[in-house]
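Below is one structure, written out as structure tokens, with a few remarks after it.
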Amino acid sequence: MTRPIATFDDLRDAITAYRLPRVLIASLELNLFTAIGTETWTIPDLARAMNVSERGLAILCRNVAMAGLLKKKGETYRNSRLGATALNAQHPAYRGDYLRLITSHWNDWGRLLESVKTGLPLDHDEPDDPDYRRQFTWAMHHRTLERAPKIAAQINLRGVRTLLDLGGGPGTYAMAFLAKNPQLRATVCDRPAALEVAKEIAATHKAGARLFYQPLDLLTEAIPGAYDVIWYSNVLHIYSSQDNQVVFRRALAALNPGGRLLIQDAFLHDKDGLFPKEASLFAVSMLLFTERGNTYSAAETKAWLTDAGFERIKIVKMKKGTEDWEDGILGARSPAIRGGTRARRTESAKSSRPRSLR
């Protein structure tokens with residue numbers, strides 16, 4: 001719902017908008033699109049094959065067809081193109097890890113009240129599981145698989161030799177930049193479990209030979225090496241404002257003079273910090289799943305960058321329909337100085353130690 005809620009009917013419509021999402025999640029939980037595959041089915045035959053009731057399946061399929069994910073002709077159903085590919089576990093384009101992630105969020109969002117009361121993420125007392133981290137990294141690859149090349153095609157990296165994908169997970173964006181820029185060498189930096197996925201993905205691409213890997217804890221370790229560009233995509237929202245300022249100082253220290261930091265995230269753009277809607281709602285996900293995460297305004301992020309020592313900070317415009325988030329990329333420059341670079345790096349590393357979080 002995009003308009004403000006002003007009447008009781010508006011409230012009812014906003015709350016009952018859960019109905020179609022629940023239908024779609026049920027269809028994924030049943031592996032409906034995999035069961036249908038490339039064939040055309042009647043409801044009785046499909047119900048027998050899936051071991052479910054005819055009545056329940058008929059009502060479910062009618063609504064999935066209404067949403068456009070199934071095609072209905074007379075008494076038969078078949079998959080839409082999307083259903084037969086990205087939603088079908090038998091197809092190479094299947095986005096299974098991402099589908100499992102967003103499906104699991106239904107129950108997680110049902111526990112929102114817990115996090116509102118405590119200010120803590122769900123299951124905050126459970127240690128990070130490497131298997132979950134691996135699945136999550138694959139899910140992030142599936143999420144950005146089509147988006148990354150569209151973004152990479154619009155960012156001019158002419159003359160850039162080295163790029164760091166900071167907190168880059170599966171390295172999907174790094175691979176997109178490498179594919180677009182044959183002169184480029186890139187490094188993806190993240191947790192070891194995420195980097196294992198990045199290595200598997202890179203092994204399937206010719207440009208993967210130009211991708212390197214750096215395990216790192218962004219909040220406790222300086223960034224080794226020197227880079228022309230640092231790409232910081234969908235990481236800002238994981239951390240607190242203080243944490244991000246630590247990362248910005250570390251990033252500045254790792255950039256060559258005149259180098260660029262490109263931040264892609266769910267920025268809020270209005271003066272009251274309410275819109276865009278998706279950026280505001282995404283903060284709820286951060287409450288549910290992170291210790292200190294949030295979504296931030298472009299204005300406050302620019303202020304943090306200025307304090308860290310960056311210059312020429314501005315929104316990098318993308319074509320509508322290709323963005324990950326609305327006006328969701330901020331660009332900033334390292335000062336184009338030659339003298340004192342080593343001293344600046346040393347001082348930045350000192351100032352970004354945890355004691356500075358005050």
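Here, A, B, ... name the chains of the structure tokens in the order displayed, residue numbers run from 1 inside each chain, and ligands are numbered from 1 in the same displayed order.
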Distance query A:His237 at most 7 Å, only C-alpha atoms, self and fewer than 4 positions along chain excluded, as JSON, numbers by chain: {"A": [293, 294, 295]}
Residues of stretch 208-282 of chain A in alpha helix (DSSP H), written as a list in words: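 Of stretch 208-282 of chain A, only Ser241, Gln242, Asp243, Asn244, Gln245, Val246, Val247, Phe248, Arg249, Arg250, Ala251, Leu252, Ala253, Ala254, Lys277, Glu278, Ala279, Ser280, Leu281 and Phe282 of chain A fall in alpha helix (DSSP H).
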Could you give me, as JSON lines, every stretch 255-285 of chain A residue with an atom at most 10 Å from stretch 297-311 of chain A, plus its closest atom pair and distance in Å to one decimal, counting only C-alpha atoms, rows ordered by chain then number?
{"residue": "A:Gly258", "atom": "CA", "partner": "A:Glu311", "partner_atom": "CA", "distance": 9.2}
{"residue": "A:Gly259", "atom": "CA", "partner": "A:Phe310", "partner_atom": "CA", "distance": 9.8}
{"residue": "A:Arg260", "atom": "CA", "partner": "A:Phe310", "partner_atom": "CA", "distance": 9.1}
{"residue": "A:Leu261", "atom": "CA", "partner": "A:Phe310", "partner_atom": "CA", "distance": 8.7}
{"residue": "A:Ile263", "atom": "CA", "partner": "A:Thr301", "partner_atom": "CA", "distance": 9.6}
{"residue": "A:Asp265", "atom": "CA", "partner": "A:Ala298", "partner_atom": "CA", "distance": 9.3}
{"residue": "A:Ala266", "atom": "CA", "partner": "A:Ser297", "partner_atom": "CA", "distance": 8.4}
{"residue": "A:Phe267", "atom": "CA", "partner": "A:Ser297", "partner_atom": "CA", "distance": 5.0}
{"residue": "A:Leu268", "atom": "CA", "partner": "A:Ser297", "partner_atom": "CA", "distance": 4.2}
{"residue": "A:His269", "atom": "CA", "partner": "A:Ser297", "partner_atom": "CA", "distance": 5.8}
{"residue": "A:Asp270", "atom": "CA", "partner": "A:Ser297", "partner_atom": "CA", "distance": 7.9}
{"residue": "A:Lys271", "atom": "CA", "partner": "A:Ser297", "partner_atom": "CA", "distance": 8.6}
{"residue": "A:Asp272", "atom": "CA", "partner": "A:Ser297", "partner_atom": "CA", "distance": 9.3}
{"residue": "A:Gly273", "atom": "CA", "partner": "A:Ser297", "partner_atom": "CA", "distance": 6.4}
{"residue": "A:Leu274", "atom": "CA", "partner": "A:Ser297", "partner_atom": "CA", "distance": 9.2}
{"residue": "A:Phe275", "atom": "CA", "partner": "A:Ser297", "partner_atom": "CA", "distance": 9.2}
{"residue": "A:Ala279", "atom": "CA", "partner": "A:Ser297", "partner_atom": "CA", "distance": 9.2}
{"residue": "A:Ser280", "atom": "CA", "partner": "A:Ser297", "partner_atom": "CA", "distance": 9.9}
Long-range neighbours of A:Val316 as a list in words, 7 Å cut-off, only C-alpha atoms, 4 positions minimum in chain: Ile329, Leu330 and Gly331 of chain A
Residue contacts of A:Leu113 (12 Å, only C-alpha atoms) excluding same-chain residues fewer than 4 positions away, as a list in words: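 Skipping anything fewer than 4 positions along the chain leaves Asp108, Trp109, Lys117, Thr118, Gly119, Leu120, Pro121, Leu122, Val284, Leu287 and Leu288 of chain A.
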Would you mind exporting C-alpha atoms of the selected residues as a CSV table (one decimal), in the first residue's frame?
chain,number,residue,atom,x,y,z
A,108,ASP,CA,10.0,-14.7,11.6
A,109,TRP,CA,7.8,-11.6,10.9
A,117,LYS,CA,9.8,-5.5,23.2
A,118,THR,CA,13.4,-6.6,23.7
A,119,GLY,CA,15.2,-4.6,21.0
A,120,LEU,CA,17.1,-7.8,20.1
A,121,PRO,CA,17.0,-10.0,17.0
A,122,LEU,CA,15.2,-13.3,17.0
A,284,VAL,CA,12.1,-4.0,10.5
A,287,LEU,CA,15.4,-5.4,14.0
A,288,LEU,CA,14.5,-9.0,13.5
For A:Val247, the nearest of the candidates A:Gly167, A:Pro4, A:Gly110, A:Pro21, counting only C-alpha atoms: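 Closest to A:Val247 of all the choices is A:Gly167.
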Considering only C-alpha atoms, tabulate each residue of stretch 230-268 of chain A that lies at most 12 Å from stretch 128-152 of chain A along with its nearest interatomic pair and the corresponding distance in Å to one decimal; arrange the rows by chain and ascending residue number and present them as a Markdown table.
| residue | atom | partner | partner_atom | distance |
| --- | --- | --- | --- | --- |
| A:Trp231 | CA | A:Ala152 | CA | 10.8 |
| A:Ser233 | CA | A:Ala148 | CA | 10.5 |
| A:Asn234 | CA | A:Met140 | CA | 10.0 |
| A:Val235 | CA | A:Met140 | CA | 11.8 |
| A:Leu262 | CA | A:Ala152 | CA | 11.7 |
| A:Gln264 | CA | A:Ile151 | CA | 10.2 |
Pull C-alpha atoms from the residues just selected and write them as a short mmCIF file (atom, residue, chain, number, x, y, z; two decimals), in the first residue's frame.
data_model
loop_
_atom_site.label_atom_id
_atom_site.label_comp_id
_atom_site.auth_asym_id
_atom_site.auth_seq_id
_atom_site.Cartn_x
_atom_site.Cartn_y
_atom_site.Cartn_z
CA TRP A 231 32.14 -1.32 -3.41
CA SER A 233 26.80 -3.03 -1.14
CA ASN A 234 23.94 -3.91 1.20
CA VAL A 235 26.19 -3.96 4.26
CA LEU A 262 30.52 3.35 -3.68
CA GLN A 264 24.66 0.73 -2.25
#
Separation of atom CA of A:Leu281 from atom CA of A:Gly168, in Å and rounded to one decimal: 22.8 Å
